[in-house]
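Have a look at start_3.cif below; it lists mmCIF, N, CA and C atoms.
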data_entry
loop_
_atom_site.label_atom_id
_atom_site.label_comp_id
_atom_site.auth_asym_id
_atom_site.auth_seq_id
_atom_site.Cartn_x
_atom_site.Cartn_y
_atom_site.Cartn_z
N MET A 1 16.58 276.70 -19.96
CA MET A 1 15.81 275.46 -19.87
C MET A 1 14.64 275.69 -18.91
N ASP A 2 13.43 275.51 -19.39
CA ASP A 2 12.25 275.75 -18.59
C ASP A 2 11.72 274.41 -18.07
N LEU A 3 11.90 274.17 -16.78
CA LEU A 3 11.48 272.91 -16.17
C LEU A 3 10.12 273.07 -15.51
N HIS A 4 9.39 271.98 -15.43
CA HIS A 4 8.14 271.94 -14.69
C HIS A 4 8.46 272.04 -13.20
N PRO A 5 7.61 272.69 -12.39
CA PRO A 5 7.91 272.83 -10.96
C PRO A 5 8.20 271.51 -10.25
N PHE A 6 7.54 270.44 -10.68
CA PHE A 6 7.75 269.17 -10.00
C PHE A 6 8.96 268.41 -10.52
N ASP A 7 9.65 268.95 -11.53
CA ASP A 7 10.97 268.43 -11.89
C ASP A 7 12.01 268.99 -10.92
N ILE A 8 11.74 270.16 -10.37
CA ILE A 8 12.64 270.79 -9.41
C ILE A 8 12.33 270.31 -8.00
N LEU A 9 11.06 270.33 -7.62
CA LEU A 9 10.64 269.89 -6.29
C LEU A 9 10.44 268.39 -6.32
N ARG A 10 11.32 267.64 -5.70
CA ARG A 10 11.23 266.17 -5.74
C ARG A 10 10.16 265.65 -4.78
N ARG A 11 10.26 266.06 -3.50
CA ARG A 11 9.31 265.58 -2.49
C ARG A 11 9.39 266.48 -1.27
N PRO A 12 8.31 266.56 -0.48
CA PRO A 12 8.41 267.29 0.78
C PRO A 12 9.15 266.43 1.80
N VAL A 13 9.92 267.06 2.65
CA VAL A 13 10.62 266.35 3.72
C VAL A 13 9.76 266.50 4.97
N VAL A 14 9.20 265.39 5.44
CA VAL A 14 8.32 265.43 6.60
C VAL A 14 9.02 264.74 7.77
N THR A 15 9.53 265.56 8.67
CA THR A 15 10.15 265.08 9.89
C THR A 15 9.56 265.87 11.05
N GLU A 16 9.93 265.50 12.26
CA GLU A 16 9.42 266.22 13.42
C GLU A 16 9.86 267.69 13.38
N LYS A 17 11.11 267.92 13.03
CA LYS A 17 11.64 269.28 12.97
C LYS A 17 10.98 270.09 11.86
N SER A 18 10.81 269.49 10.68
CA SER A 18 10.21 270.23 9.56
C SER A 18 8.74 270.51 9.84
N THR A 19 8.06 269.67 10.58
CA THR A 19 6.67 269.92 10.93
C THR A 19 6.56 271.12 11.86
N LEU A 20 7.47 271.23 12.81
CA LEU A 20 7.49 272.40 13.70
C LEU A 20 7.82 273.67 12.93
N MET A 21 8.72 273.57 11.94
CA MET A 21 9.06 274.73 11.12
C MET A 21 7.87 275.17 10.28
N GLY A 22 7.04 274.23 9.85
CA GLY A 22 5.87 274.53 9.04
C GLY A 22 4.88 275.42 9.76
N GLU A 23 4.85 275.34 11.09
CA GLU A 23 3.94 276.17 11.87
C GLU A 23 4.34 277.65 11.79
N SER A 24 5.62 277.90 11.51
CA SER A 24 6.08 279.30 11.40
C SER A 24 6.25 279.73 9.94
N GLY A 25 5.70 278.96 9.00
CA GLY A 25 5.72 279.35 7.59
C GLY A 25 6.98 278.95 6.85
N ARG A 26 7.72 277.97 7.36
CA ARG A 26 8.92 277.48 6.68
C ARG A 26 8.70 276.02 6.31
N TYR A 27 8.96 275.66 5.05
CA TYR A 27 8.70 274.32 4.55
C TYR A 27 9.96 273.74 3.93
N VAL A 28 10.13 272.43 4.05
CA VAL A 28 11.35 271.76 3.61
C VAL A 28 11.02 270.83 2.45
N PHE A 29 11.84 270.91 1.39
CA PHE A 29 11.66 270.07 0.21
C PHE A 29 12.99 269.45 -0.18
N GLU A 30 12.93 268.24 -0.75
CA GLU A 30 14.07 267.69 -1.48
C GLU A 30 13.95 268.24 -2.90
N VAL A 31 15.05 268.80 -3.40
CA VAL A 31 15.02 269.44 -4.72
C VAL A 31 16.07 268.82 -5.64
N ALA A 32 15.96 269.12 -6.92
CA ALA A 32 16.93 268.64 -7.89
C ALA A 32 18.30 269.26 -7.56
N PRO A 33 19.37 268.46 -7.61
CA PRO A 33 20.69 268.97 -7.24
C PRO A 33 21.18 270.12 -8.11
N SER A 34 20.71 270.23 -9.34
CA SER A 34 21.18 271.28 -10.23
C SER A 34 20.36 272.56 -10.13
N SER A 35 19.32 272.58 -9.29
CA SER A 35 18.44 273.75 -9.22
C SER A 35 19.05 274.86 -8.38
N SER A 36 18.78 276.10 -8.78
CA SER A 36 19.27 277.27 -8.04
C SER A 36 18.16 277.76 -7.12
N LYS A 37 18.50 278.73 -6.27
CA LYS A 37 17.50 279.30 -5.36
C LYS A 37 16.38 279.99 -6.14
N HIS A 38 16.72 280.63 -7.25
CA HIS A 38 15.70 281.28 -8.08
C HIS A 38 14.76 280.25 -8.70
N ASP A 39 15.31 279.12 -9.15
CA ASP A 39 14.49 278.04 -9.71
C ASP A 39 13.53 277.50 -8.66
N ILE A 40 14.04 277.29 -7.44
CA ILE A 40 13.22 276.73 -6.36
C ILE A 40 12.11 277.71 -5.99
N LYS A 41 12.45 278.99 -5.89
CA LYS A 41 11.45 280.01 -5.56
C LYS A 41 10.33 280.02 -6.60
N ARG A 42 10.70 280.03 -7.88
CA ARG A 42 9.70 280.06 -8.95
C ARG A 42 8.83 278.79 -8.93
N ALA A 43 9.46 277.64 -8.68
CA ALA A 43 8.72 276.37 -8.67
C ALA A 43 7.70 276.32 -7.54
N VAL A 44 8.09 276.77 -6.34
CA VAL A 44 7.16 276.75 -5.20
C VAL A 44 6.02 277.73 -5.44
N GLU A 45 6.34 278.92 -5.96
CA GLU A 45 5.28 279.90 -6.22
C GLU A 45 4.30 279.41 -7.28
N GLU A 46 4.79 278.74 -8.33
CA GLU A 46 3.90 278.22 -9.37
C GLU A 46 3.08 277.03 -8.87
N ALA A 47 3.72 276.14 -8.13
CA ALA A 47 3.05 274.90 -7.73
C ALA A 47 1.99 275.13 -6.66
N PHE A 48 2.23 276.05 -5.72
CA PHE A 48 1.34 276.19 -4.57
C PHE A 48 0.65 277.54 -4.49
N ASP A 49 0.90 278.45 -5.44
CA ASP A 49 0.27 279.77 -5.48
C ASP A 49 0.47 280.52 -4.16
N VAL A 50 1.73 280.65 -3.76
CA VAL A 50 2.12 281.36 -2.55
C VAL A 50 3.24 282.35 -2.90
N THR A 51 3.61 283.20 -1.95
CA THR A 51 4.70 284.15 -2.14
C THR A 51 5.88 283.70 -1.29
N VAL A 52 7.01 283.47 -1.93
CA VAL A 52 8.22 283.02 -1.25
C VAL A 52 9.07 284.23 -0.89
N VAL A 53 9.46 284.31 0.38
CA VAL A 53 10.29 285.42 0.87
C VAL A 53 11.76 285.06 0.81
N LYS A 54 12.10 283.81 1.19
CA LYS A 54 13.50 283.42 1.30
C LYS A 54 13.65 281.93 1.02
N VAL A 55 14.79 281.56 0.42
CA VAL A 55 15.11 280.16 0.15
C VAL A 55 16.51 279.87 0.67
N ASN A 56 16.64 278.87 1.52
CA ASN A 56 17.93 278.40 1.98
C ASN A 56 18.14 277.00 1.43
N THR A 57 19.33 276.72 0.91
CA THR A 57 19.62 275.39 0.37
C THR A 57 20.83 274.80 1.05
N MET A 58 20.89 273.47 1.04
CA MET A 58 22.06 272.77 1.57
C MET A 58 22.19 271.42 0.89
N ALA A 59 23.42 270.97 0.76
CA ALA A 59 23.69 269.65 0.20
C ALA A 59 23.82 268.67 1.36
N VAL A 60 23.02 267.60 1.32
CA VAL A 60 23.03 266.59 2.37
C VAL A 60 23.84 265.41 1.87
N LYS A 61 24.91 265.11 2.55
CA LYS A 61 25.78 264.02 2.13
C LYS A 61 25.16 262.69 2.53
N GLY A 62 25.25 261.69 1.65
CA GLY A 62 24.68 260.38 1.91
C GLY A 62 25.39 259.67 3.06
N LYS A 63 24.62 258.97 3.88
CA LYS A 63 25.18 258.27 5.03
C LYS A 63 25.76 256.92 4.61
N ARG A 64 26.75 256.47 5.35
CA ARG A 64 27.31 255.14 5.11
C ARG A 64 26.54 254.13 5.95
N LYS A 65 26.13 253.04 5.33
CA LYS A 65 25.38 251.99 6.02
C LYS A 65 26.10 250.66 5.84
N ARG A 66 25.97 249.80 6.82
CA ARG A 66 26.59 248.48 6.76
C ARG A 66 25.50 247.43 6.62
N TYR A 67 25.65 246.56 5.63
CA TYR A 67 24.77 245.41 5.43
C TYR A 67 25.65 244.18 5.52
N GLY A 68 25.76 243.62 6.72
CA GLY A 68 26.69 242.51 6.94
C GLY A 68 28.10 243.00 6.73
N PRO A 69 28.88 242.31 5.91
CA PRO A 69 30.26 242.74 5.69
C PRO A 69 30.39 243.87 4.67
N LYS A 70 29.31 244.17 3.97
CA LYS A 70 29.36 245.16 2.89
C LYS A 70 28.97 246.54 3.40
N ILE A 71 29.76 247.55 3.06
CA ILE A 71 29.46 248.94 3.41
C ILE A 71 29.02 249.66 2.14
N THR A 72 27.85 250.29 2.20
CA THR A 72 27.35 251.05 1.06
C THR A 72 27.10 252.49 1.50
N THR A 73 26.95 253.37 0.54
CA THR A 73 26.67 254.77 0.82
C THR A 73 25.34 255.14 0.20
N GLN A 74 24.46 255.73 1.01
CA GLN A 74 23.19 256.21 0.49
C GLN A 74 23.45 257.42 -0.40
N ARG A 75 22.52 257.74 -1.25
CA ARG A 75 22.74 258.83 -2.19
C ARG A 75 22.73 260.18 -1.49
N SER A 76 23.51 261.11 -2.02
CA SER A 76 23.50 262.48 -1.53
C SER A 76 22.35 263.21 -2.20
N TRP A 77 21.84 264.26 -1.54
CA TRP A 77 20.71 265.00 -2.09
C TRP A 77 20.75 266.45 -1.66
N LYS A 78 19.90 267.27 -2.26
CA LYS A 78 19.87 268.70 -1.97
C LYS A 78 18.55 269.03 -1.27
N LYS A 79 18.65 269.81 -0.19
CA LYS A 79 17.49 270.19 0.60
C LYS A 79 17.29 271.69 0.51
N ALA A 80 16.03 272.12 0.43
CA ALA A 80 15.71 273.54 0.40
C ALA A 80 14.69 273.85 1.49
N ILE A 81 14.97 274.91 2.27
CA ILE A 81 14.04 275.40 3.27
C ILE A 81 13.46 276.70 2.72
N VAL A 82 12.15 276.71 2.51
CA VAL A 82 11.47 277.82 1.86
C VAL A 82 10.65 278.57 2.90
N THR A 83 10.89 279.88 3.03
CA THR A 83 10.13 280.73 3.94
C THR A 83 9.08 281.49 3.14
N LEU A 84 7.83 281.39 3.59
CA LEU A 84 6.72 282.03 2.88
C LEU A 84 6.36 283.36 3.52
N ALA A 85 5.68 284.22 2.76
CA ALA A 85 5.20 285.49 3.28
C ALA A 85 4.14 285.23 4.35
N GLY A 86 3.99 286.17 5.26
CA GLY A 86 3.02 286.02 6.34
C GLY A 86 1.62 285.76 5.81
N GLY A 87 0.94 284.78 6.40
CA GLY A 87 -0.41 284.45 5.98
C GLY A 87 -0.49 283.36 4.92
N ASP A 88 0.59 283.10 4.19
CA ASP A 88 0.59 282.03 3.18
C ASP A 88 0.85 280.69 3.85
N ARG A 89 0.17 279.65 3.35
CA ARG A 89 0.36 278.30 3.87
C ARG A 89 0.36 277.31 2.71
N ILE A 90 1.04 276.19 2.89
CA ILE A 90 0.99 275.10 1.92
C ILE A 90 0.20 273.98 2.60
N THR A 91 -0.97 273.67 2.09
CA THR A 91 -1.85 272.70 2.75
C THR A 91 -1.42 271.27 2.51
N LEU A 92 -0.43 271.06 1.63
CA LEU A 92 0.08 269.72 1.36
C LEU A 92 0.63 269.08 2.64
N PHE A 93 1.18 269.89 3.53
CA PHE A 93 1.81 269.38 4.74
C PHE A 93 0.81 269.15 5.87
N GLU A 94 -0.38 269.66 5.76
CA GLU A 94 -1.38 269.51 6.80
C GLU A 94 -1.90 268.07 6.81
N GLY A 95 -2.00 267.49 7.97
CA GLY A 95 -2.57 266.17 8.11
C GLY A 95 -1.69 265.03 7.63
N VAL A 96 -0.39 265.27 7.48
CA VAL A 96 0.53 264.21 7.03
C VAL A 96 0.97 263.43 8.24
#
Show me this structure written as structure tokens.
Amino acid sequence: MDLHPFDILRRPVVTEKSTLMGESGRYVFEVAPSSSKHDIKRAVEEAFDVTVVKVNTMAVKGKRKRYGPKITTQRSWKKAIVTLAGGDRITLFEGV
């Protein structure tokens, strides 16, 4: 199954920690739960025209939240940390 890169890459994760990681060439994305590391690598390389050196993935479990007497669970999602080759940058994260 050949997916478009943006079917795999859902959104960039912009937090204080991910912004600091971006300075060293590591970027964080929310990805499709069914995607593999090879799929993520190919999608980032196609979408941003960069060279990916390493991909780390993790499943983030949804947090439980209370709304009055009702307890709900936020959705679980998959996170990927992508390390780029030296000199490559993704300008999408600049100025966010």
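Applied to the file shown here, the PyMOL selection byres ((chain A and resi 1-16) around 8) selects the residues Lys17, Ser18, Thr19, Leu20, Met21, Gly22, Tyr27, Val28, Phe29, Glu30, Val31, Ala32, Pro33, Ser34, Ser35, Asp39, Ile40, Arg42, Ala43, Val44, Glu46, Ala47, Phe93 and Val96 of chain A.
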Give, as AutoDock Vina command-line options, the centre coordinates and the x, y and z edge lengths in Å to one decimal for an axis-aligned box around all listed atoms of stretch 45-49 of chain A, padded by 6 Å on each side.
--center_x 3.3 --center_y 277.7 --center_z -6.8 --size_x 18.1 --size_y 17.6 --size_z 17.2
Practice item. Given the file shown, enumerate the residues that the PyMOL selection byres (((chain A and resi 53 and name CA) around 12) and name CA) captures and present them as JSON, numbers by chain. Key: {"A": [25, 26, 27, 37, 38, 40, 41, 42, 44, 45, 50, 51, 52, 54, 55, 56, 81, 82, 83, 84, 85, 86, 87, 88]}
Check your understanding: Among stretch 3-95 of chain A, which residues carry a DSSP assignment of helix (DSSP H, G or I), reported as a PyMOL selection string?
Key -> chain A and resi 5-8+16-22+37-48+91-93
Check your understanding: Using all atoms listed in the file, which of A:Glu23, A:Lys79, A:Thr72, A:Leu92 sits nearest A:Ala59?
Key ->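 Using all atoms listed in the file, the shortest distance to A:Ala59 belongs to A:Lys79.
Interatomic distance, atom C of A:Ile90 to atom N of A:Lys61: 26.3 Å.
Counting from atom CA of A:Met58, the distance to atom CA of A:Ser36 is 11.0 Å.
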Review point. What is the atom CA of A:Trp77 to atom CA of A:Lys65 distance in Å?
Key: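 Answer for the atom CA of A:Trp77 to atom CA of A:Lys65 separation: 16.0 Å.
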Check your understanding: When the PyMOL selection byres ((chain A and resi 75) around 8) is applied to the file above, which residues end up in the set, as a PyMOL selection string?
Key -> chain A and resi 60-64+72-74+76-78
Exercise for review: Using DSSP on the backbone coordinates, identify all residues within stretch 23-96 of chain A classified as strand (DSSP E); present the result as a ChimeraX atom specification.
Suggested key: /A:26-31,52-60,64-67,70-73,77-84
